[in-house]
>>> print(open('structure-v2.txt').read())   # compact mmCIF, C-alpha atoms and all ligand atoms
# COMPACT_ATOMS: atom_id res chain seq x y z
CA MET A 21 0.00 0.00 0.00
CA SER A 22 1.31 3.43 -0.94
CA VAL A 23 0.62 7.06 -0.24
CA LEU A 24 0.19 9.06 -3.45
CA VAL A 25 1.76 12.52 -3.15
CA THR A 26 0.72 14.97 -5.88
CA GLY A 27 3.24 17.77 -6.28
CA GLY A 28 5.71 15.59 -4.38
CA ALA A 29 8.72 17.25 -6.06
CA GLY A 30 7.68 20.71 -4.83
CA TYR A 31 8.87 22.56 -1.76
CA ILE A 32 6.38 21.25 0.81
CA GLY A 33 5.80 17.99 -1.08
CA SER A 34 9.47 16.96 -1.16
CA HIS A 35 9.95 17.55 2.57
CA THR A 36 6.80 15.56 3.30
CA VAL A 37 7.98 12.69 1.07
CA VAL A 38 11.23 12.57 3.09
CA GLU A 39 9.31 12.27 6.37
CA LEU A 40 7.06 9.53 4.94
CA LEU A 41 10.01 7.54 3.56
CA ASN A 42 11.89 7.89 6.86
CA LEU A 43 8.88 6.28 8.55
CA GLY A 44 9.03 3.35 6.15
CA LYS A 45 5.96 4.33 4.09
CA ASN A 46 5.77 3.51 0.40
CA VAL A 47 5.41 6.71 -1.59
CA VAL A 48 4.29 7.36 -5.14
CA ILE A 49 4.90 10.87 -6.46
CA VAL A 50 3.03 12.48 -9.34
CA ASP A 51 4.45 15.82 -10.46
CA ASN A 52 4.63 17.65 -13.79
CA PHE A 53 7.73 19.67 -12.77
CA TYR A 54 5.86 22.88 -13.50
CA ASN A 55 7.44 24.52 -10.48
CA SER A 56 9.98 21.89 -9.48
CA ASP A 57 12.95 19.95 -10.77
CA LYS A 58 13.89 16.33 -11.48
CA GLU A 59 16.96 16.81 -9.32
CA VAL A 60 14.65 16.78 -6.27
CA LEU A 61 14.09 13.04 -6.73
CA LYS A 62 17.83 12.36 -6.52
CA ARG A 63 18.14 14.52 -3.45
CA ILE A 64 15.26 12.70 -1.74
CA GLU A 65 17.10 9.45 -2.42
CA GLN A 66 20.36 10.91 -1.06
CA ILE A 67 18.62 11.86 2.19
CA THR A 68 16.52 8.76 2.74
CA GLY A 69 18.37 6.03 0.82
CA LYS A 70 15.08 5.30 -0.97
CA ARG A 71 13.84 6.37 -4.36
CA PRO A 72 10.09 6.92 -4.41
CA LYS A 73 8.08 5.68 -7.36
CA PHE A 74 7.56 8.61 -9.72
CA TYR A 75 5.14 9.57 -12.50
CA GLN A 76 5.67 12.72 -14.56
CA GLU A 77 2.06 13.63 -15.19
CA ASP A 78 -0.39 16.49 -14.71
CA VAL A 79 -3.03 15.84 -12.07
CA THR A 80 -5.67 17.47 -14.30
CA ASP A 81 -5.09 14.60 -16.78
CA LYS A 82 -7.71 12.06 -15.75
CA ALA A 83 -6.48 9.22 -17.98
CA ALA A 84 -2.96 9.60 -16.59
CA LEU A 85 -4.26 9.54 -13.03
CA ILE A 86 -6.41 6.47 -13.70
CA ASN A 87 -3.32 4.74 -15.04
CA ILE A 88 -1.41 5.49 -11.82
CA PHE A 89 -4.23 4.11 -9.68
CA GLU A 90 -4.29 0.99 -11.87
CA GLN A 91 -0.54 0.46 -11.56
CA GLU A 92 -0.22 1.19 -7.84
CA THR A 93 -2.10 0.22 -4.69
CA ILE A 94 -2.94 3.60 -3.27
CA GLU A 95 -4.32 3.82 0.27
CA ALA A 96 -4.36 7.60 0.75
CA VAL A 97 -3.47 10.79 -1.10
CA ILE A 98 -1.73 14.00 -0.07
CA HIS A 99 -2.63 16.65 -2.64
CA PHE A 100 -0.03 19.43 -2.94
CA ALA A 101 -0.05 19.98 -6.70
CA GLY A 102 -1.23 23.46 -7.58
CA TYR A 103 -0.33 26.99 -8.55
CA LYS A 104 0.57 29.14 -5.57
CA ALA A 105 1.60 32.69 -6.45
CA VAL A 106 -0.86 35.32 -5.26
CA GLY A 107 0.29 38.07 -7.68
CA GLU A 108 0.40 35.76 -10.69
CA SER A 109 -3.12 34.55 -9.89
CA VAL A 110 -4.39 38.11 -10.37
CA GLN A 111 -2.76 38.19 -13.84
CA LYS A 112 -3.84 34.65 -14.82
CA PRO A 113 -7.09 33.92 -12.96
CA VAL A 114 -8.48 31.41 -15.44
CA GLU A 115 -5.27 29.36 -15.39
CA TYR A 116 -5.41 29.33 -11.58
CA TYR A 117 -9.06 28.31 -11.39
CA HIS A 118 -8.59 25.69 -14.10
CA ASN A 119 -5.48 24.12 -12.63
CA ASN A 120 -6.24 24.22 -8.92
CA LEU A 121 -9.93 23.31 -9.18
CA MET A 122 -9.62 20.73 -11.98
CA SER A 123 -6.73 18.90 -10.34
CA THR A 124 -8.74 18.57 -7.14
CA ILE A 125 -11.94 17.52 -8.91
CA VAL A 126 -10.21 15.00 -11.18
CA LEU A 127 -8.28 13.59 -8.24
CA VAL A 128 -11.45 13.08 -6.19
CA GLU A 129 -13.22 11.49 -9.19
CA VAL A 130 -10.41 9.01 -9.67
CA MET A 131 -10.07 8.30 -5.94
CA LYS A 132 -13.79 7.54 -5.89
CA MET A 133 -13.46 5.19 -8.88
CA PHE A 134 -10.83 3.20 -7.00
CA GLY A 135 -12.51 3.38 -3.59
CA VAL A 136 -9.67 5.44 -2.06
CA LYS A 137 -11.26 7.83 0.41
CA LYS A 138 -8.47 9.29 2.53
CA LEU A 139 -7.20 12.68 1.45
CA VAL A 140 -4.98 15.37 2.97
CA PHE A 141 -5.32 18.71 1.19
CA SER A 142 -2.92 21.68 1.09
CA SER A 143 -4.94 24.68 2.10
CA SER A 144 -3.70 28.02 3.31
CA ALA A 145 -4.17 30.62 6.01
CA THR A 146 -5.18 32.85 3.12
CA VAL A 147 -8.73 31.44 3.52
CA TYR A 148 -9.16 33.56 6.68
CA GLY A 149 -9.35 36.63 4.41
CA MET A 150 -8.87 40.17 5.69
CA HIS A 151 -11.50 40.72 8.35
CA HIS A 152 -10.78 38.45 11.29
CA GLU A 153 -8.91 39.26 14.49
CA VAL A 154 -5.77 37.21 15.17
CA PRO A 155 -5.15 34.48 16.14
CA PHE A 156 -7.01 32.70 13.36
CA VAL A 157 -9.12 29.78 14.55
CA GLU A 158 -10.40 26.98 12.31
CA ASN A 159 -14.09 27.74 12.90
CA MET A 160 -13.83 31.31 11.55
CA SER A 161 -15.60 32.06 8.28
CA THR A 162 -13.51 31.84 5.10
CA SER A 163 -13.09 34.32 2.28
CA ALA A 164 -10.45 35.45 -0.19
CA THR A 165 -8.97 38.54 -1.78
CA ASN A 166 -7.39 37.07 -4.92
CA PRO A 167 -7.94 34.16 -7.34
CA TYR A 168 -5.33 31.97 -5.64
CA GLY A 169 -7.10 32.41 -2.32
CA TYR A 170 -10.47 31.68 -3.93
CA THR A 171 -9.13 28.42 -5.36
CA LYS A 172 -8.26 27.33 -1.80
CA VAL A 173 -11.66 28.42 -0.42
CA MET A 174 -13.43 26.62 -3.29
CA CYS A 175 -11.39 23.42 -3.02
CA GLU A 176 -12.09 23.33 0.71
CA GLN A 177 -15.81 23.66 -0.06
CA ILE A 178 -15.73 20.95 -2.74
CA LEU A 179 -14.00 18.56 -0.35
CA LYS A 180 -16.36 19.33 2.53
CA ASP A 181 -19.30 18.61 0.20
CA VAL A 182 -17.69 15.32 -0.88
CA SER A 183 -17.48 14.13 2.71
CA VAL A 184 -21.08 15.22 3.40
CA SER A 185 -22.28 13.22 0.39
CA ASP A 186 -20.42 10.06 1.41
CA ASN A 187 -19.51 9.48 5.05
CA GLU A 188 -16.79 6.99 4.15
CA TRP A 189 -14.40 9.80 3.28
CA SER A 190 -11.69 11.10 5.63
CA ILE A 191 -10.57 14.52 4.44
CA VAL A 192 -8.03 16.65 6.29
CA LEU A 193 -7.72 20.30 5.24
CA LEU A 194 -4.40 21.73 6.40
CA ARG A 195 -4.19 25.52 6.52
CA TYR A 196 -0.54 26.45 6.28
CA PHE A 197 0.79 29.67 7.67
CA ASN A 198 4.20 30.80 6.31
CA PRO A 199 6.49 27.83 5.58
CA ILE A 200 10.21 28.67 5.44
CA GLY A 201 13.48 26.84 6.13
CA ALA A 202 14.83 23.71 4.50
CA HIS A 203 15.78 20.14 5.33
CA GLU A 204 18.74 20.19 7.69
CA SER A 205 20.88 18.29 5.18
CA GLY A 206 20.79 21.37 2.93
CA LEU A 207 19.93 19.04 0.03
CA ILE A 208 16.31 20.13 -0.49
CA GLY A 209 14.74 23.53 0.00
CA GLU A 210 12.67 26.23 -1.64
CA ASP A 211 13.68 26.99 -5.23
CA PRO A 212 11.41 29.72 -6.56
CA SER A 213 11.52 30.42 -10.28
CA GLY A 214 12.48 34.00 -11.12
CA ILE A 215 12.44 36.73 -8.52
CA PRO A 216 10.93 35.40 -5.28
CA ASN A 217 7.53 36.72 -4.20
CA ASN A 218 7.91 35.61 -0.61
CA LEU A 219 10.03 37.19 2.06
CA MET A 220 12.38 34.38 3.17
CA PRO A 221 13.62 33.31 -0.27
CA TYR A 222 14.09 37.00 -1.06
CA ILE A 223 16.21 37.47 2.09
CA SER A 224 18.34 34.40 1.33
CA GLN A 225 18.91 35.48 -2.28
CA VAL A 226 20.06 38.90 -1.07
CA ALA A 227 22.40 37.19 1.40
CA VAL A 228 23.88 34.99 -1.34
CA GLY A 229 24.38 38.02 -3.60
CA LYS A 230 21.75 37.27 -6.25
CA LEU A 231 19.61 40.28 -5.30
CA GLU A 232 20.71 43.68 -4.00
CA HIS A 233 18.42 44.43 -1.10
CA VAL A 234 15.13 43.39 0.45
CA ASN A 235 12.22 45.73 -0.19
CA VAL A 236 10.25 45.90 3.04
CA PHE A 237 6.61 46.36 2.05
CA GLY A 238 5.56 49.12 4.44
CA ASN A 239 6.48 50.08 8.01
CA ASP A 240 3.28 51.88 8.90
CA TYR A 241 1.15 48.88 9.88
CA ASP A 242 -0.43 48.67 13.29
CA THR A 243 2.23 46.23 14.55
CA PRO A 244 5.04 46.62 17.14
CA ASP A 245 7.63 47.83 14.58
CA GLY A 246 5.21 48.83 11.81
CA THR A 247 6.15 45.94 9.46
CA GLY A 248 3.92 42.97 8.61
CA VAL A 249 3.66 40.17 11.16
CA ARG A 250 3.41 36.52 10.04
CA ASP A 251 3.48 33.06 11.57
CA TYR A 252 6.61 31.41 10.14
CA ILE A 253 6.80 27.64 10.37
CA HIS A 254 9.78 25.39 9.65
CA ILE A 255 9.15 23.28 6.56
CA VAL A 256 10.14 20.09 8.42
CA ASP A 257 7.60 20.80 11.18
CA LEU A 258 5.04 21.39 8.44
CA ALA A 259 5.97 18.12 6.73
CA LYS A 260 5.55 16.26 10.03
CA GLY A 261 2.08 17.81 10.33
CA HIS A 262 1.14 15.91 7.15
CA VAL A 263 2.26 12.62 8.65
CA LYS A 264 0.04 13.33 11.68
CA ALA A 265 -2.83 14.29 9.38
CA LEU A 266 -2.52 10.97 7.52
CA GLU A 267 -2.66 9.11 10.83
CA LYS A 268 -5.74 11.12 11.75
CA ALA A 269 -7.37 10.29 8.40
CA ASN A 270 -6.81 6.60 9.18
CA THR A 271 -8.90 6.79 12.33
CA THR A 272 -11.51 9.50 11.73
CA LYS A 273 -14.13 10.02 9.05
CA GLY A 274 -15.55 13.33 7.81
CA THR A 275 -13.76 16.62 7.19
CA LEU A 276 -11.16 17.80 9.68
CA ILE A 277 -9.54 21.22 9.48
CA TYR A 278 -6.25 22.17 11.11
CA ASN A 279 -4.10 25.25 11.22
CA LEU A 280 -0.43 24.38 10.82
CA GLY A 281 1.38 27.31 12.35
CA SER A 282 3.46 28.09 15.41
CA GLY A 283 1.01 30.49 17.01
CA GLN A 284 3.80 33.12 17.14
CA GLY A 285 3.94 36.33 15.14
CA THR A 286 7.23 37.63 13.71
CA SER A 287 7.66 40.94 11.88
CA VAL A 288 9.53 41.46 8.61
CA LEU A 289 12.31 43.32 10.42
CA GLU A 290 12.58 40.67 13.14
CA LEU A 291 12.99 37.99 10.48
CA ILE A 292 15.66 39.96 8.61
CA HIS A 293 17.59 40.70 11.82
CA THR A 294 17.35 37.11 13.07
CA PHE A 295 18.62 35.90 9.69
CA MET A 296 21.59 38.28 9.83
CA LYS A 297 22.42 37.29 13.41
CA VAL A 298 22.24 33.53 12.79
CA THR A 299 24.01 33.47 9.43
CA LYS A 300 26.43 36.37 9.98
CA GLN A 301 25.53 37.58 6.47
CA ASP A 302 24.58 41.14 5.64
CA VAL A 303 21.05 41.63 4.36
CA PRO A 304 20.56 45.24 3.27
CA TYR A 305 16.94 46.38 3.14
CA ILE A 306 14.95 49.40 2.05
CA ILE A 307 11.59 50.41 3.48
CA GLY A 308 9.10 50.84 0.64
CA GLU A 309 5.39 51.03 -0.02
CA ARG A 310 2.86 48.50 1.23
CA ARG A 311 2.09 45.63 -1.15
CA SER A 312 -1.56 45.67 -2.12
CA GLY A 313 -3.65 42.90 -0.55
CA ASP A 314 -1.31 42.38 2.44
CA ILE A 315 -2.76 42.30 5.94
CA ALA A 316 -0.93 43.68 8.98
CA THR A 317 -0.89 40.57 11.13
CA CYS A 318 -1.51 36.87 10.53
CA TYR A 319 -0.86 34.09 13.02
CA ALA A 320 -2.47 30.84 13.98
CA ASP A 321 -4.27 29.49 16.95
CA ALA A 322 -2.65 26.06 16.69
CA THR A 323 -4.36 24.42 19.67
CA ARG A 324 -6.68 22.19 17.66
CA ALA A 325 -3.77 20.44 15.90
CA TRP A 326 -2.20 19.82 19.29
CA ASN A 327 -5.38 18.61 20.97
CA ASP A 328 -6.45 16.32 18.11
CA MET A 329 -3.17 15.16 16.55
CA GLN A 330 -0.50 15.98 19.18
CA TRP A 331 1.25 18.09 16.58
CA LYS A 332 3.00 21.33 17.32
CA THR A 333 5.99 23.16 15.90
CA GLU A 334 9.32 22.24 17.44
CA LYS A 335 11.81 24.35 15.53
CA THR A 336 12.70 27.96 16.28
CA LEU A 337 13.02 31.02 14.07
CA GLU A 338 16.80 30.60 14.40
CA ASP A 339 16.53 27.02 13.07
CA MET A 340 14.47 28.31 10.14
CA CYS A 341 17.11 30.94 9.28
CA ARG A 342 20.08 28.59 9.73
CA ASP A 343 18.51 25.84 7.59
CA THR A 344 17.40 28.28 4.87
CA TRP A 345 20.95 29.59 4.68
CA ARG A 346 22.51 26.13 4.56
CA TRP A 347 20.27 25.25 1.60
CA GLN A 348 20.80 28.61 -0.15
CA SER A 349 24.56 28.75 0.34
CA GLN A 350 25.06 25.12 -0.75
CA ASN A 351 22.74 25.61 -3.75
CA PRO A 352 23.14 29.24 -4.81
CA LYS A 353 21.36 28.48 -8.09
CA GLY A 354 18.76 26.20 -6.52
CA TYR A 355 18.48 22.81 -8.21
CA ALA A 356 19.87 24.09 -11.52
CA LYS A 357 23.26 22.71 -12.41
N1 LIG A 401 7.37 41.08 2.43
C1 LIG A 401 8.26 42.11 2.26
N2 LIG A 401 9.10 42.07 1.19
C2 LIG A 401 9.10 41.06 0.28
C3 LIG A 401 8.17 40.00 0.45
C4 LIG A 401 7.32 40.06 1.53
O1 LIG A 401 8.31 43.05 3.07
O2 LIG A 401 9.88 41.08 -0.68
C5 LIG A 401 6.49 41.08 3.60
C6 LIG A 401 5.01 41.03 3.31
O3 LIG A 401 4.49 42.33 3.17
C7 LIG A 401 4.47 40.29 4.54
C8 LIG A 401 5.60 39.35 4.91
O4 LIG A 401 6.76 39.89 4.31
O5 LIG A 401 4.28 41.18 5.60
C9 LIG A 401 5.42 37.93 4.40
O6 LIG A 401 5.16 37.97 3.00
P1 LIG A 401 5.20 36.66 2.10
O7 LIG A 401 4.98 37.09 0.69
O8 LIG A 401 6.42 35.88 2.40
O9 LIG A 401 3.98 35.80 2.63
P2 LIG A 401 2.41 36.18 2.73
O10 LIG A 401 2.07 36.13 4.18
O11 LIG A 401 2.08 37.39 1.98
O12 LIG A 401 1.77 34.98 1.93
C10 LIG A 401 1.97 33.64 2.32
C11 LIG A 401 1.91 32.73 1.10
C12 LIG A 401 0.54 32.71 0.50
C13 LIG A 401 -0.47 32.40 1.53
C14 LIG A 401 -0.33 33.28 2.74
C15 LIG A 401 -1.21 32.74 3.81
O13 LIG A 401 2.81 33.17 0.10
O14 LIG A 401 0.48 31.68 -0.47
O15 LIG A 401 1.00 33.27 3.23
O16 LIG A 401 -1.30 33.55 4.89
F1 LIG A 401 -1.70 32.56 1.01
>>> encode(input="structure-v2.txt", output="structure tokens", more="lines below")
Ligand code: UFG
Amino acid sequence: MSVLVTGGAGYIGSHTVVELLNLGKNVVIVDNFYNSDKEVLKRIEQITGKRPKFYQEDVTDKAALINIFEQETIEAVIHFAGYKAVGESVQKPVEYYHNNLMSTIVLVEVMKMFGVKKLVFSSSATVYGMHHEVPFVENMSTSATNPYGYTKVMCEQILKDVSVSDNEWSIVLLRYFNPIGAHESGLIGEDPSGIPNNLMPYISQVAVGKLEHVNVFGNDYDTPDGTGVRDYIHIVDLAKGHVKALEKANTTKGTLIYNLGSGQGTSVLELIHTFMKVTKQDVPYIIGERRSGDIATCYADATRAWNDMQWKTEKTLEDMCRDTWRWQSQNPKGYAK
């Protein structure tokens, strides 16, 4: 029996595959390398000593997915595959809706055909929208401010409806806060294409000399130092949350929703200064305008994940900075040769 991991060559997917393999699980990856690299598979093997079964396919391709389910004995699925850039989703809404919704719908159709009814889904704290007080709790209403966010809200709704229609399903919706860091081997990490949209890869690319300075998007927010506050979570803690979610799906039916965050807020300037302190690298920054669509503060109430799954973050902000830097400095060009 295997766990099918869609998007298993991506940033969160690859770290989750490592945790699953380390626990002795059989893993089958399906990935189209849209935002990832073949090299990831080698690195996973280097870390774990095991090479997961791999299919280079698009999850929106139903025939391809049916073929995988025919070839393999799949017991559960973790669905990471999807487009994830907020800004790009505003430019290419139809592509985002098509890809993120169709992959989820096709996946559920095929799972149903094969009687596989355990699914862990990559959602996002973005579904809390702009109008709630922090900390964000799972029972708050959901909304979105951009097409990417709407795809997460809609996929959550589709999956909730699936489990209402058929009580054999176990669906776990994981709402990620801000994943950063890398595997402590420095062999896998985040490898954004082009100029990074997110803060941590931007910081590490400045530190490694690829970019000149960090643009801090506003210092006039209602936060302790005026810069945006987020709940950063080490990618390995996040990956372990998926292992816990799979265990939960094995014992509980229906839809379960969990925040995966630390419950701690960190400002942009705190993150930059912690990175400089831990890595002893200079990270010049310039205070600029706010980025449209950003909220001042976002952090999780992570008590439900602890109460239900005994999962909580274990790594510190220092660990996140040190591990990001190890990955970035050992792979200044990411996975590219
Ligand atoms: N920031 C900068 N400069 C940058 C990039 C970001 O100052 O170059 C600031 C942002 O304004 C924000 C903080 O750093 O205050 C974090 O920004 P990120 O872009 O790293 O992350 P976001 O919180 O905006 O978004 C992330 C994911 C989304 C997800 C969201 C969920 O990228 O996919 O968290 O809360 F939807």
>>> axis_aligned_box(input="structure-v2.txt", around="segment 228-242 of chain A", padding_each_side="4 Å", output="lines of an AutoDock Vina configuration file")
center_x = 12.0
center_y = 43.4
center_z = 3.5
size_x = 32.8
size_y = 24.9
size_z = 27.5
>>> residues_around(input="structure-v2.txt", residues="Asp186 of chain A", least_positions_apart="6", cutoff="10 Å", atoms="only C-alpha atoms", output="list in words")
Lys137, Lys273 and Gly274 of chain A
>>> atom_distance(input="structure-v2.txt", atom1="atom C1 of ligand LIG 401 (chain A)", atom2="atom CA of Tyr319 of chain A")
16.2 Å
>>> closest_residue(input="structure-v2.txt", among="A:Tyr148, A:Tyr170, A:Phe197, A:Tyr222", to="Gln284 of chain A", atoms="all atoms listed in the file")
A:Phe197
>>> residues_around(input="structure-v2.txt", residues="Ser163 of chain A", least_positions_apart="3", cutoff="9 Å", atoms="all atoms listed in the file", output="list in words")
Thr146, Val147, Tyr148, Gly149, Met150, His151, Gly169, Tyr170 and Val173 of chain A
>>> residues_near_ligand(input="structure-v2.txt", ligand="ligand LIG 401 (chain A)", cutoff="6 Å", atoms="only C-alpha atoms and all ligand atoms", output="VMD selection string")
chain A and resid 104 144 to 146 197 to 198 217 to 219 222 234 to 237 248 to 249 288 311 314
>>> atom_distance(input="structure-v2.txt", atom1="atom CA of Gly281 of chain A", atom2="atom CA of Thr165 of chain A")
20.8 Å
>>> atom_distance(input="structure-v2.txt", atom1="atom CA of Pro244 of chain A", atom2="atom CA of Thr294 of chain A")
16.1 Å
>>> residues_around(input="structure-v2.txt", residues="segment 52-65 of chain A", least_positions_apart="2", cutoff="9 Å", atoms="all atoms listed in the file", output="ChimeraX atom specification")
/A:27,29-31,34-35,37-38,50,67-72,74-79,101,103,207-208,211-213,355-356
>>> residues_around(input="structure-v2.txt", residues="Asp251 of chain A", least_positions_apart="5", cutoff="12 Å", atoms="only C-alpha atoms", output="ChimeraX atom specification")
/A:145,154-156,195-200,279-288,290-291,316-322,333,336-337
>>> closest_residue(input="structure-v2.txt", among="A:Thr323, A:Thr275, A:Asn351, A:Ser22", to="Asp181 of chain A", atoms="all atoms listed in the file")
A:Thr275
>>> residues_around(input="structure-v2.txt", residues="Tyr278 of chain A", least_positions_apart="4", cutoff="8 Å", atoms="all atoms listed in the file", output="number ranges by chain")
A: 158, 192-195, 322, 324-325
>>> closest_residue(input="structure-v2.txt", among="A:Glu309, A:Asp302, A:Asp81, A:Glu267", to="His118 of chain A", atoms="only C-alpha atoms")
A:Asp81
>>> closest_residue(input="structure-v2.txt", among="A:Ser224, A:Gln177, A:Asn187, A:Ile255", to="Ser161 of chain A", atoms="all atoms listed in the file")
A:Gln177
>>> closest_residue(input="structure-v2.txt", among="A:Ile315, A:Asn120, A:Gly135, A:Val298", to="Glu176 of chain A", atoms="only C-alpha atoms")
A:Asn120
>>> closest_residue(input="structure-v2.txt", among="A:Lys180, A:Lys112, A:Arg342, A:Arg250", to="Thr299 of chain A", atoms="only C-alpha atoms")
A:Arg342
